[in-house]
Amino acid sequence: MAAPSGASSSSTRLLLLLSLLGFCVALSSQQESSSRTTDSCGAAKLAVASLVPFDTAGFRCAANWKQRDFVLRYKNTGPSEWSFVLSAPDKGSYVAVGFSGKGAMVGSSAVAGWASNGRGAVKQYYLGGKSPDEVAPNRGLLKLVRNRSAVISRSGRLYLAFQLSTDYPQPYLIYAVGPDGNLPPSSTLQLPMHQSMASRAFNYTSGMSSGGGSGDGTFPAERRHGLLAMMGWGVLMPIGMITARYFRQLDPCWFYSHLAIQVSGYAIGIAAVVLGFRLNEDGLKNVGVHKALGIGILAMTSLQVLAILARPDKTSKVRRFWNWYHHNIGRAAILVAVGNVFLGLSIAQETNAYIVSYGVFVAVWVVAVAAFEVKRCYADDD
């Protein structure tokens with residue numbers, strides 16, 4: 001990338017600071033993510049198995065609400081008997097799981113649990129409406145097995161264990177978490193308004209959930225990560241490459257356009273990486289590959305940003321080696337980024353609209369690059 005002779009040293013220092021800041025933030029986020037207390041479906045044994053009032057061996061496991069780090073274990077433990085253990089972060093609030101025939105909260109029944117001063121409470125609620133006054137404690141259509149319910153708080157997580165007497169649980173699960181530090185009063189047992197909820201269609205045979213979605217109107221963190229990565233690495237970087245390769249006749253506008261687009265893409269990409277390290281990846285396939293490719297993209301783009309510090313003068317004999325490095329590392333980063341965006345969409349099982357939309361962008365970009373290359377070839381012949 002050739003720069004106008006008037007490019008200021010302050011821009012160089014800004015790029016260096018941005019690169020170093022990105023690495024530090026991403027590294028600290030990764031360390032924070034790895035240090036968090038989590039529950040995993042990959043664990044060989046439930047951490048509180050000895051405290052649960054029934055045998056938890058052989059339970060199936062599903063991370064159905066990854067945004068809130070909810071992990072559900074379940075098993076058909078006998079004739080007309082199903083056992084459940086719901087695990088979630090303990091933030092001084094209640095956690096609940098409801099069972100519904102059509103995915104609606106109103107008209108369903110739920111089991112809620114919380115822990116206070118070392119003691120746990122498990123109650124059934126009938127969800128007669130959306131306001132706290134319409135949620136009735138100690139009522140509901142679920143047949144809880146007596147003396148087979150418990151709440152355990154251990155290592156920053158809350159475990160809600162219970163058994164239902166039913167031939168087959170209803171096909172929709174409704175998850176909810178209460179406001180932090182706000183528990184139901186012992187006098188009324190009235191649940192405070194949940195801070196977040198989600199409804200999922202659940203297949204007890206396969207352990208897969210689908211449909212439903214977040215019931216609180218929030219934008220899932222996984223989708224925010226995906227859109228940021230798509231925009232930063234997968235859209236802005238390819239556009240920035242086009243401005244540098246095919247619009248050099250517009251000197252010096254091409255350089256500043258290229259610089260602005262790539263720095264914007266780099267900053268958005270860093271935000272995507274930081275958010276990605278905070279996501280719960282339990283139960284997802286190929287996440288390790290996706291994360292490794294993301295780190296590789298971050299490394300290559302950071303080298304591109306730092307390359308401006310080592311940019312030799314146009315008259316230098318090593319300038320052509322620098323150009324080769326800068327151009328090819330950039331192309332490799334773009335190719336890996338496009339592939340990783342599609343991999344991320346596949347892992348997240350996103351709707352076809354996202355996949356098709358990004359596929360159309362990539363197709364248009366490829367056609368544009370091909371057309372510009374043909375034009376360059378004809379120009380060289382002339």
# chains A, B, ... in the order shown; residues from 1 in each chain; ligands from 1
call {"tool": "residues_around", "arguments": {"residues": "range 148-165 of chain A", "least_positions_apart": "2", "cutoff": "7 Å", "atoms": "only C-alpha atoms", "output": "number ranges by chain"}}
result
A: 37, 52-54, 80-90, 113-115, 120-122, 142-146
call {"tool": "select_by_dssp", "arguments": {"residues": "range 18-263 of chain A", "states": "helix (DSSP H, G or I)", "output": "PyMOL selection string"}}
result
chain A and resi 18-35+49-51+66-68+132-134+221-246+253-263
call {"tool": "closest_atom_pairs", "arguments": {"of": "range 270-309 of chain A", "to": "range 321-340 of chain A", "cutoff": "8 Å", "atoms": "only C-alpha atoms", "output": "tab-separated table"}}
result
residue	atom	partner	partner_atom	distance
A:His290	CA	A:Asn340	CA	6.3
A:Leu293	CA	A:Asn340	CA	6.6
A:Gly294	CA	A:Asn340	CA	7.2
A:Ile297	CA	A:Ala333	CA	5.6
A:Met300	CA	A:Ala333	CA	6.1
A:Thr301	CA	A:Ala333	CA	6.8
A:Gln304	CA	A:His326	CA	6.6
A:Ala307	CA	A:His326	CA	7.3
call {"tool": "closest_residue", "arguments": {"among": "A:Val305, A:Ala49, A:Ala112, A:Ala370", "to": "Leu183 in chain A", "atoms": "only C-alpha atoms"}}
result
A:Ala112
call {"tool": "atom_distance", "arguments": {"atom1": "CA of Gly288 in chain A", "atom2": "CA of Ser357 in chain A"}}
result
25.3 Å
call {"tool": "atom_distance", "arguments": {"atom1": "CA of Pro312 in chain A", "atom2": "CA of Arg245 in chain A"}}
result
18.9 Å
call {"tool": "closest_residue", "arguments": {"among": "A:Ala110, A:Ala348, A:Met237, A:Ala271", "to": "Arg223 in chain A", "atoms": "only C-alpha atoms"}}
result
A:Ala348
call {"tool": "decode", "arguments": {"residues": "range 36-66 of chain A", "atoms": "N, CA and C atoms", "output": "PDB file, in the first residue's frame"}}
result
ATOM      1  N   ARG A  36     -14.283 -17.904  34.116  1.00  0.00           N
ATOM      2  CA  ARG A  36     -15.641 -17.910  34.630  1.00  0.00           C
ATOM      3  C   ARG A  36     -16.049 -19.311  35.050  1.00  0.00           C
ATOM      4  N   THR A  37     -16.861 -19.389  36.098  1.00  0.00           N
ATOM      5  CA  THR A  37     -17.392 -20.672  36.549  1.00  0.00           C
ATOM      6  C   THR A  37     -18.547 -21.051  35.641  1.00  0.00           C
ATOM      7  N   THR A  38     -18.416 -22.155  34.931  1.00  0.00           N
ATOM      8  CA  THR A  38     -19.453 -22.585  34.021  1.00  0.00           C
ATOM      9  C   THR A  38     -19.743 -24.057  34.238  1.00  0.00           C
ATOM     10  N   ASP A  39     -20.881 -24.469  33.714  1.00  0.00           N
ATOM     11  CA  ASP A  39     -21.265 -25.870  33.702  1.00  0.00           C
ATOM     12  C   ASP A  39     -21.216 -26.325  32.252  1.00  0.00           C
ATOM     13  N   SER A  40     -20.767 -27.519  32.023  1.00  0.00           N
ATOM     14  CA  SER A  40     -20.571 -27.987  30.660  1.00  0.00           C
ATOM     15  C   SER A  40     -21.218 -29.339  30.463  1.00  0.00           C
ATOM     16  N   CYS A  41     -21.813 -29.520  29.278  1.00  0.00           N
ATOM     17  CA  CYS A  41     -22.370 -30.828  28.939  1.00  0.00           C
ATOM     18  C   CYS A  41     -21.269 -31.864  28.737  1.00  0.00           C
ATOM     19  N   GLY A  42     -20.031 -31.380  28.586  1.00  0.00           N
ATOM     20  CA  GLY A  42     -18.930 -32.317  28.411  1.00  0.00           C
ATOM     21  C   GLY A  42     -18.406 -32.903  29.708  1.00  0.00           C
ATOM     22  N   ALA A  43     -18.905 -32.409  30.850  1.00  0.00           N
ATOM     23  CA  ALA A  43     -18.436 -32.928  32.133  1.00  0.00           C
ATOM     24  C   ALA A  43     -18.854 -34.388  32.298  1.00  0.00           C
ATOM     25  N   ALA A  44     -17.958 -35.180  32.833  1.00  0.00           N
ATOM     26  CA  ALA A  44     -18.240 -36.608  32.997  1.00  0.00           C
ATOM     27  C   ALA A  44     -19.320 -36.857  34.036  1.00  0.00           C
ATOM     28  N   LYS A  45     -19.431 -35.969  35.029  1.00  0.00           N
ATOM     29  CA  LYS A  45     -20.381 -36.170  36.114  1.00  0.00           C
ATOM     30  C   LYS A  45     -20.906 -34.825  36.587  1.00  0.00           C
ATOM     31  N   LEU A  46     -22.151 -34.784  36.974  1.00  0.00           N
ATOM     32  CA  LEU A  46     -22.731 -33.570  37.522  1.00  0.00           C
ATOM     33  C   LEU A  46     -21.998 -33.178  38.798  1.00  0.00           C
ATOM     34  N   ALA A  47     -21.618 -31.902  38.906  1.00  0.00           N
ATOM     35  CA  ALA A  47     -20.791 -31.456  40.025  1.00  0.00           C
ATOM     36  C   ALA A  47     -21.473 -31.651  41.373  1.00  0.00           C
ATOM     37  N   VAL A  48     -22.806 -31.602  41.412  1.00  0.00           N
ATOM     38  CA  VAL A  48     -23.539 -31.710  42.681  1.00  0.00           C
ATOM     39  C   VAL A  48     -24.362 -32.992  42.720  1.00  0.00           C
ATOM     40  N   ALA A  49     -23.903 -34.009  42.026  1.00  0.00           N
ATOM     41  CA  ALA A  49     -24.682 -35.250  41.922  1.00  0.00           C
ATOM     42  C   ALA A  49     -25.007 -35.843  43.293  1.00  0.00           C
ATOM     43  N   SER A  50     -24.079 -35.733  44.235  1.00  0.00           N
ATOM     44  CA  SER A  50     -24.298 -36.332  45.554  1.00  0.00           C
ATOM     45  C   SER A  50     -25.356 -35.588  46.367  1.00  0.00           C
ATOM     46  N   LEU A  51     -25.685 -34.355  45.979  1.00  0.00           N
ATOM     47  CA  LEU A  51     -26.657 -33.554  46.708  1.00  0.00           C
ATOM     48  C   LEU A  51     -28.054 -33.588  46.087  1.00  0.00           C
ATOM     49  N   VAL A  52     -28.171 -34.150  44.915  1.00  0.00           N
ATOM     50  CA  VAL A  52     -29.465 -34.241  44.243  1.00  0.00           C
ATOM     51  C   VAL A  52     -30.225 -35.440  44.802  1.00  0.00           C
ATOM     52  N   PRO A  53     -31.521 -35.318  45.099  1.00  0.00           N
ATOM     53  CA  PRO A  53     -32.266 -36.403  45.747  1.00  0.00           C
ATOM     54  C   PRO A  53     -32.673 -37.544  44.827  1.00  0.00           C
ATOM     55  N   PHE A  54     -31.992 -37.714  43.710  1.00  0.00           N
ATOM     56  CA  PHE A  54     -32.224 -38.868  42.845  1.00  0.00           C
ATOM     57  C   PHE A  54     -30.966 -39.107  42.029  1.00  0.00           C
ATOM     58  N   ASP A  55     -30.868 -40.282  41.459  1.00  0.00           N
ATOM     59  CA  ASP A  55     -29.684 -40.684  40.707  1.00  0.00           C
ATOM     60  C   ASP A  55     -29.619 -39.906  39.394  1.00  0.00           C
ATOM     61  N   THR A  56     -28.480 -39.263  39.109  1.00  0.00           N
ATOM     62  CA  THR A  56     -28.327 -38.466  37.894  1.00  0.00           C
ATOM     63  C   THR A  56     -27.433 -39.132  36.862  1.00  0.00           C
ATOM     64  N   ALA A  57     -27.116 -40.393  37.066  1.00  0.00           N
ATOM     65  CA  ALA A  57     -26.258 -41.097  36.103  1.00  0.00           C
ATOM     66  C   ALA A  57     -26.995 -41.277  34.780  1.00  0.00           C
ATOM     67  N   GLY A  58     -26.282 -41.085  33.705  1.00  0.00           N
ATOM     68  CA  GLY A  58     -26.833 -41.316  32.387  1.00  0.00           C
ATOM     69  C   GLY A  58     -27.767 -40.243  31.877  1.00  0.00           C
ATOM     70  N   PHE A  59     -27.781 -39.082  32.517  1.00  0.00           N
ATOM     71  CA  PHE A  59     -28.664 -38.006  32.069  1.00  0.00           C
ATOM     72  C   PHE A  59     -28.190 -37.432  30.736  1.00  0.00           C
ATOM     73  N   ARG A  60     -29.133 -37.053  29.907  1.00  0.00           N
ATOM     74  CA  ARG A  60     -28.809 -36.321  28.692  1.00  0.00           C
ATOM     75  C   ARG A  60     -28.625 -34.848  29.052  1.00  0.00           C
ATOM     76  N   CYS A  61     -27.912 -34.130  28.215  1.00  0.00           N
ATOM     77  CA  CYS A  61     -27.567 -32.741  28.532  1.00  0.00           C
ATOM     78  C   CYS A  61     -27.768 -31.872  27.299  1.00  0.00           C
ATOM     79  N   ALA A  62     -28.302 -30.677  27.516  1.00  0.00           N
ATOM     80  CA  ALA A  62     -28.519 -29.733  26.422  1.00  0.00           C
ATOM     81  C   ALA A  62     -28.335 -28.310  26.939  1.00  0.00           C
ATOM     82  N   ALA A  63     -27.594 -27.520  26.184  1.00  0.00           N
ATOM     83  CA  ALA A  63     -27.420 -26.096  26.498  1.00  0.00           C
ATOM     84  C   ALA A  63     -28.385 -25.315  25.611  1.00  0.00           C
ATOM     85  N   ASN A  64     -29.630 -25.205  26.058  1.00  0.00           N
ATOM     86  CA  ASN A  64     -30.684 -24.670  25.203  1.00  0.00           C
ATOM     87  C   ASN A  64     -30.821 -23.158  25.246  1.00  0.00           C
ATOM     88  N   TRP A  65     -30.301 -22.517  26.281  1.00  0.00           N
ATOM     89  CA  TRP A  65     -30.370 -21.058  26.378  1.00  0.00           C
ATOM     90  C   TRP A  65     -28.971 -20.536  26.655  1.00  0.00           C
ATOM     91  N   LYS A  66     -28.176 -20.491  25.610  1.00  0.00           N
ATOM     92  CA  LYS A  66     -26.763 -20.160  25.754  1.00  0.00           C
ATOM     93  C   LYS A  66     -26.554 -18.718  26.191  1.00  0.00           C
TER      94      LYS A  66
END
